[in-house]
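File shown: entry09.txt. Contents: compact mmCIF, C-alpha atoms.
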```
# COMPACT_ATOMS: atom_id res chain seq x y z
CA MET A 1126 139.16 33.24 37.34
CA THR A 1127 140.78 30.12 35.90
CA ALA A 1128 143.67 32.12 34.48
CA ASP A 1129 144.19 34.00 37.75
CA ILE A 1130 143.99 30.86 39.88
CA ALA A 1131 147.11 29.46 38.20
CA LYS A 1132 149.25 31.91 40.18
CA TYR A 1133 148.03 30.36 43.43
CA ILE A 1134 149.16 26.86 42.50
CA ASP A 1135 152.21 24.93 43.66
CA HIS A 1136 152.12 22.13 41.05
CA THR A 1137 153.05 19.14 43.18
CA LEU A 1138 154.69 15.76 42.74
CA LEU A 1139 155.68 14.16 46.05
CA SER A 1140 155.03 10.54 45.21
CA PRO A 1141 157.81 8.21 46.43
CA GLN A 1142 157.89 6.54 43.02
CA ALA A 1143 158.16 9.77 41.00
CA THR A 1144 160.52 9.40 38.04
CA ARG A 1145 162.69 11.93 36.25
CA ALA A 1146 160.32 11.82 33.29
CA GLU A 1147 157.40 12.68 35.55
CA VAL A 1148 159.32 15.60 37.04
CA THR A 1149 160.00 16.84 33.52
CA ARG A 1150 156.30 16.66 32.72
CA LEU A 1151 155.47 18.50 35.97
CA CYS A 1152 157.86 21.31 35.06
CA ASP A 1153 156.55 21.50 31.50
CA GLU A 1154 152.97 21.79 32.77
CA ALA A 1155 153.91 24.43 35.32
CA ARG A 1156 155.62 26.52 32.66
CA GLN A 1157 152.78 26.09 30.17
CA HIS A 1158 150.02 27.05 32.59
CA GLY A 1159 151.89 29.74 34.51
CA PHE A 1160 151.74 28.10 37.92
CA PHE A 1161 153.49 29.87 40.78
CA ALA A 1162 155.77 26.96 41.66
CA VAL A 1163 156.47 23.28 41.46
CA CYS A 1164 156.91 21.30 44.68
CA VAL A 1165 159.12 18.22 44.49
CA ASN A 1166 161.01 15.91 46.81
CA PRO A 1167 164.58 17.01 47.66
CA CYS A 1168 166.18 14.48 45.31
CA HIS A 1169 164.48 16.22 42.37
CA VAL A 1170 165.34 19.82 43.23
CA ARG A 1171 168.39 20.07 41.01
CA GLN A 1172 166.50 18.69 38.01
CA ALA A 1173 163.52 21.00 38.53
CA VAL A 1174 165.75 24.05 38.93
CA LYS A 1175 167.53 23.24 35.67
CA GLU A 1176 164.32 22.63 33.75
CA LEU A 1177 162.68 25.83 34.99
CA SER A 1178 165.73 28.08 34.80
CA SER A 1179 164.34 30.09 31.89
CA SER A 1180 160.89 30.55 33.45
CA ASP A 1181 159.27 32.47 36.30
CA VAL A 1182 158.14 29.25 38.01
CA ALA A 1183 159.66 28.83 41.48
CA VAL A 1184 160.98 25.53 42.83
CA ALA A 1185 159.83 24.41 46.27
CA THR A 1186 160.81 21.31 48.19
CA VAL A 1187 159.83 19.54 51.41
CA ILE A 1188 161.80 19.16 54.63
CA GLY A 1189 161.21 16.54 57.34
CA PHE A 1190 158.57 15.12 55.05
CA PRO A 1191 156.08 13.58 55.58
CA LEU A 1192 156.25 12.73 59.31
CA GLY A 1193 158.03 15.76 60.74
CA ALA A 1194 159.80 13.51 63.23
CA ASN A 1195 163.39 14.12 62.13
CA LEU A 1196 165.73 15.83 64.58
CA PRO A 1197 166.09 19.60 64.10
CA ASP A 1198 169.70 19.41 62.90
CA ILE A 1199 168.67 16.95 60.19
CA LYS A 1200 165.92 19.30 59.02
CA ILE A 1201 168.40 22.18 59.04
CA ALA A 1202 170.84 20.15 56.93
CA GLU A 1203 168.05 19.21 54.51
CA ALA A 1204 167.06 22.85 54.12
CA GLN A 1205 170.63 24.00 53.60
CA ARG A 1206 171.26 21.35 50.96
CA ALA A 1207 168.01 22.12 49.14
CA ILE A 1208 168.77 25.83 49.04
CA SER A 1209 172.32 25.17 47.83
CA GLU A 1210 170.84 23.19 44.95
CA GLY A 1211 168.54 26.05 43.98
CA ALA A 1212 165.28 25.56 45.89
CA GLU A 1213 163.56 28.90 46.37
CA GLU A 1214 160.92 27.80 48.87
CA ILE A 1215 160.97 25.36 51.78
CA ASP A 1216 157.90 23.43 53.01
CA MET A 1217 158.81 21.95 56.41
CA VAL A 1218 156.78 19.60 58.60
CA ILE A 1219 156.62 20.41 62.32
CA ASN A 1220 157.28 17.86 65.03
CA ILE A 1221 153.63 16.93 65.57
CA GLY A 1222 154.31 14.84 68.66
CA ALA A 1223 156.07 17.76 70.35
CA LEU A 1224 153.07 19.96 69.64
CA LYS A 1225 150.73 17.38 71.17
CA ASP A 1226 153.01 17.15 74.21
CA GLY A 1227 152.47 20.86 74.68
CA ASP A 1228 156.14 21.60 74.02
CA ILE A 1229 155.41 24.74 72.05
CA GLY A 1230 158.88 26.09 72.72
CA TYR A 1231 160.43 23.14 70.87
CA VAL A 1232 158.07 23.56 67.92
CA THR A 1233 158.67 27.31 67.72
CA GLU A 1234 162.44 27.04 67.95
CA GLU A 1235 162.58 24.31 65.32
CA ILE A 1236 160.62 26.49 62.90
CA ARG A 1237 162.81 29.46 63.76
CA SER A 1238 165.95 27.43 63.03
CA ILE A 1239 164.72 26.66 59.51
CA VAL A 1240 163.69 30.28 58.95
CA LYS A 1241 167.17 31.35 60.03
CA VAL A 1242 169.04 29.10 57.60
CA ALA A 1243 166.54 29.83 54.81
CA LYS A 1244 167.33 33.56 55.08
CA ASP A 1245 165.38 35.23 52.27
CA HIS A 1246 163.79 31.98 51.05
CA LEU A 1247 160.12 31.50 51.89
CA VAL A 1248 159.41 28.94 54.63
CA LYS A 1249 155.99 27.27 54.64
CA VAL A 1250 155.23 25.29 57.80
CA ILE A 1251 153.13 22.14 57.45
CA ILE A 1252 151.11 21.71 60.65
CA GLU A 1253 149.15 18.61 59.49
CA CYS A 1254 145.60 19.70 60.37
CA ASP A 1255 144.20 16.18 60.00
CA LEU A 1256 146.06 15.17 63.18
CA LEU A 1257 145.25 18.25 65.27
CA THR A 1258 142.39 19.59 67.33
CA ASP A 1259 141.21 23.10 66.57
CA GLU A 1260 143.04 24.34 69.67
CA GLU A 1261 146.25 22.71 68.45
CA LYS A 1262 145.81 24.26 65.00
CA VAL A 1263 145.60 27.69 66.63
CA VAL A 1264 148.67 27.06 68.79
CA ALA A 1265 150.65 25.74 65.79
CA THR A 1266 149.71 28.80 63.75
CA GLN A 1267 150.80 31.07 66.59
CA ALA A 1268 154.14 29.25 66.71
CA CYS A 1269 154.59 29.93 62.99
CA MET A 1270 153.92 33.61 63.58
CA GLU A 1271 156.31 33.76 66.54
CA ALA A 1272 159.09 32.00 64.59
CA GLY A 1273 158.86 34.28 61.56
CA ALA A 1274 157.62 31.76 59.00
CA GLY A 1275 156.15 32.96 55.72
CA MET A 1276 153.18 30.60 55.44
CA VAL A 1277 151.17 28.05 57.37
CA LYS A 1278 150.44 24.95 55.30
CA THR A 1279 147.52 22.70 56.17
CA SER A 1280 148.62 19.20 55.21
CA THR A 1281 151.15 16.78 53.77
CA GLY A 1282 148.50 14.71 51.99
CA PHE A 1283 149.95 11.56 53.54
CA VAL A 1284 147.55 11.06 56.48
CA LYS A 1285 145.52 7.91 55.87
CA ASP A 1286 141.84 8.77 55.35
CA GLY A 1287 142.67 12.43 55.96
CA LYS A 1288 140.48 15.24 54.68
CA GLY A 1289 143.36 17.37 53.51
CA ALA A 1290 142.68 21.06 53.07
CA THR A 1291 139.27 22.22 54.29
CA VAL A 1292 137.54 25.58 54.15
CA GLU A 1293 137.01 25.37 57.92
CA ASP A 1294 140.70 24.90 58.67
CA VAL A 1295 141.75 27.69 56.32
CA ALA A 1296 139.20 30.02 57.91
CA LEU A 1297 140.42 29.11 61.41
CA ILE A 1298 144.04 29.75 60.46
CA ARG A 1299 143.09 33.03 58.80
CA LYS A 1300 141.21 34.13 61.92
CA THR A 1301 144.21 33.23 64.09
CA ILE A 1302 146.61 35.16 61.88
CA GLY A 1303 144.49 38.29 62.00
CA GLY A 1304 146.41 41.21 60.53
CA ALA A 1305 149.80 39.50 60.63
CA LYS A 1306 151.73 39.08 57.40
CA LEU A 1307 151.50 35.31 57.13
CA GLY A 1308 150.24 33.40 54.12
CA ILE A 1309 148.21 30.20 54.08
CA LYS A 1310 148.93 27.26 51.80
CA ALA A 1311 145.98 24.91 51.51
CA SER A 1312 147.18 21.51 50.39
CA ALA A 1313 145.93 17.95 49.83
CA GLY A 1314 142.64 16.89 48.32
CA ILE A 1315 142.27 19.93 46.03
CA ARG A 1316 141.15 18.32 42.81
CA ASP A 1317 138.75 20.72 41.07
CA TYR A 1318 138.18 24.41 40.44
CA ASP A 1319 135.26 24.79 42.85
CA LYS A 1320 137.27 23.43 45.81
CA ALA A 1321 140.23 25.60 44.88
CA LYS A 1322 138.12 28.75 44.68
CA ALA A 1323 136.37 27.99 47.98
CA LEU A 1324 139.73 27.67 49.73
CA ILE A 1325 140.95 30.96 48.25
CA ASP A 1326 137.72 32.66 49.31
CA ALA A 1327 138.32 31.33 52.85
CA GLY A 1328 141.77 32.92 52.96
CA ALA A 1329 144.26 30.62 51.22
CA THR A 1330 147.05 32.46 49.43
CA ARG A 1331 148.60 29.37 47.85
CA LEU A 1332 147.29 25.94 46.81
CA GLY A 1333 149.33 22.72 46.86
CA THR A 1334 147.92 20.24 44.37
CA SER A 1335 148.86 17.76 41.68
CA ALA A 1336 145.59 18.53 39.88
CA GLY A 1337 146.57 22.01 38.75
CA VAL A 1338 146.02 21.29 35.07
CA ALA A 1339 142.47 20.09 35.74
CA ILE A 1340 141.78 23.05 38.01
CA VAL A 1341 142.78 25.73 35.52
CA GLY A 1342 140.96 23.83 32.78
CA GLY A 1343 137.75 23.69 34.80
CA ALA A 1344 137.80 19.91 34.45
CA GLN A 1345 135.90 17.43 36.56
CA PRO A 1346 137.58 16.14 39.77
CA VAL A 1347 140.54 13.86 39.16
CA LYS A 1348 142.09 11.21 41.33
CA SER A 1349 145.17 12.64 43.00
CA ALA A 1350 147.93 11.15 45.12
CA TYR A 1351 148.36 14.48 46.88
```

Let me see the file written as structure tokens.
Amino acid sequence: MTADIAKYIDHTLLSPQATRAEVTRLCDEARQHGFFAVCVNPCHVRQAVKELSSSDVAVATVIGFPLGANLPDIKIAEAQRAISEGAEEIDMVINIGALKDGDIGYVTEEIRSIVKVAKDHLVKVIIECDLLTDEEKVVATQACMEAGAGMVKTSTGFVKDGKGATVEDVALIRKTIGGAKLGIKASAGIRDYDKAKALIDAGATRLGTSAGVAIVGGAQPVKSAY
């Protein structure tokens, strides 16, 4: 399955100190191994789009990352700019505090606003499972469904001592989705083939990881910043 698993992978580089050379290497690896996409910070979108223009690899970027605490109009502007520069997919972070306040309307409308400006571009909504109760994970997933998002994403990878993607969280999200057409992106802490396969078996339709090369190579776990 190592060849097939490549098409699940968003090859990711979201480090604040990422350099242009590292983005080039990320794109080269994604092209070589046939990953579905690369995921980079907004400042690197234009470079990634240029480097992958002759390939089938999509370019994704992050919005409101990593805290999700930006105002909605700022997130909208970020998404619009990213799309104008060639990003094909948008990974946005919800306002986690609003969710915990029980202001589900705010969370839903913010997601909907990004979906609206994204138009035919896929929107993946990062709900940050490490900071949520199971009940909140369910409610956040329901908000994604209500707002018309394309995927629920588990994590940013930036929560201190966080678990990142877990089989239990993916299974809970999958159960909540039911028969709805909503994908699941498991992200953070996916560093080897066995973990990747377990998440796919639990219902993940995409994997966000910087260890994609090791995963498709069946290598031992590697230290990852994502």

- Length of the atom CA of A:Val1218 to atom CA of A:Ile1201 vector [Å]: 11.9 Å

- Counting all atoms listed in the file, what is within 10 Å of A:Thr1266, bar same-chain residues fewer than 3 positions away, as a list in words? Thr1233, Val1250, Ile1251, Ile1252, Glu1260, Glu1261, Lys1262, Val1263, Cys1269, Met1270, Glu1271, Ala1272, Ala1274, Met1276, Val1277, Lys1278, Thr1279, Leu1297, Ile1298, Arg1299, Thr1301, Ile1302, Leu1307 and Ile1309 of chain A

- Message: Set the distance at 7 Å and use all atoms listed in the file: which residues neighbour A:Asn1220 once local chain neighbours fewer than 6 positions away are removed? I'd like the list as a ChimeraX atom specification.
- Response: /A:1193-1194,1232

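Closest approach to A:Ala1268 from the set A:Leu1139, A:Ile1236, A:Ala1207, A:Ile1340 is made by A:Ile1236, with distances taken over only C-alpha atoms.
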
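Distances here use all atoms listed in the file; by that measure, the residue among A:Ala1243, A:Lys1322, A:Val1184, A:Ser1335 closest to A:Ser1140 is A:Ser1335.
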
Residues within 8 Å of A:Leu1332, all atoms listed in the file, excluding chain neighbours under 6 positions, as a PDB file with C-alpha atoms, in the coordinates of the input:
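Contents of part-v1.pdb, freshly written:
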```pdb
ATOM      1  CA  TYR A1133     148.030  30.360  43.430  1.00  0.00           C
ATOM      2  CA  ILE A1134     149.160  26.860  42.500  1.00  0.00           C
ATOM      3  CA  ASP A1135     152.210  24.930  43.660  1.00  0.00           C
ATOM      4  CA  LYS A1310     148.930  27.260  51.800  1.00  0.00           C
ATOM      5  CA  ALA A1311     145.980  24.910  51.510  1.00  0.00           C
ATOM      6  CA  SER A1312     147.180  21.510  50.390  1.00  0.00           C
ATOM      7  CA  ILE A1315     142.270  19.930  46.030  1.00  0.00           C
ATOM      8  CA  ALA A1321     140.230  25.600  44.880  1.00  0.00           C
TER       9      ALA A1321
END
```
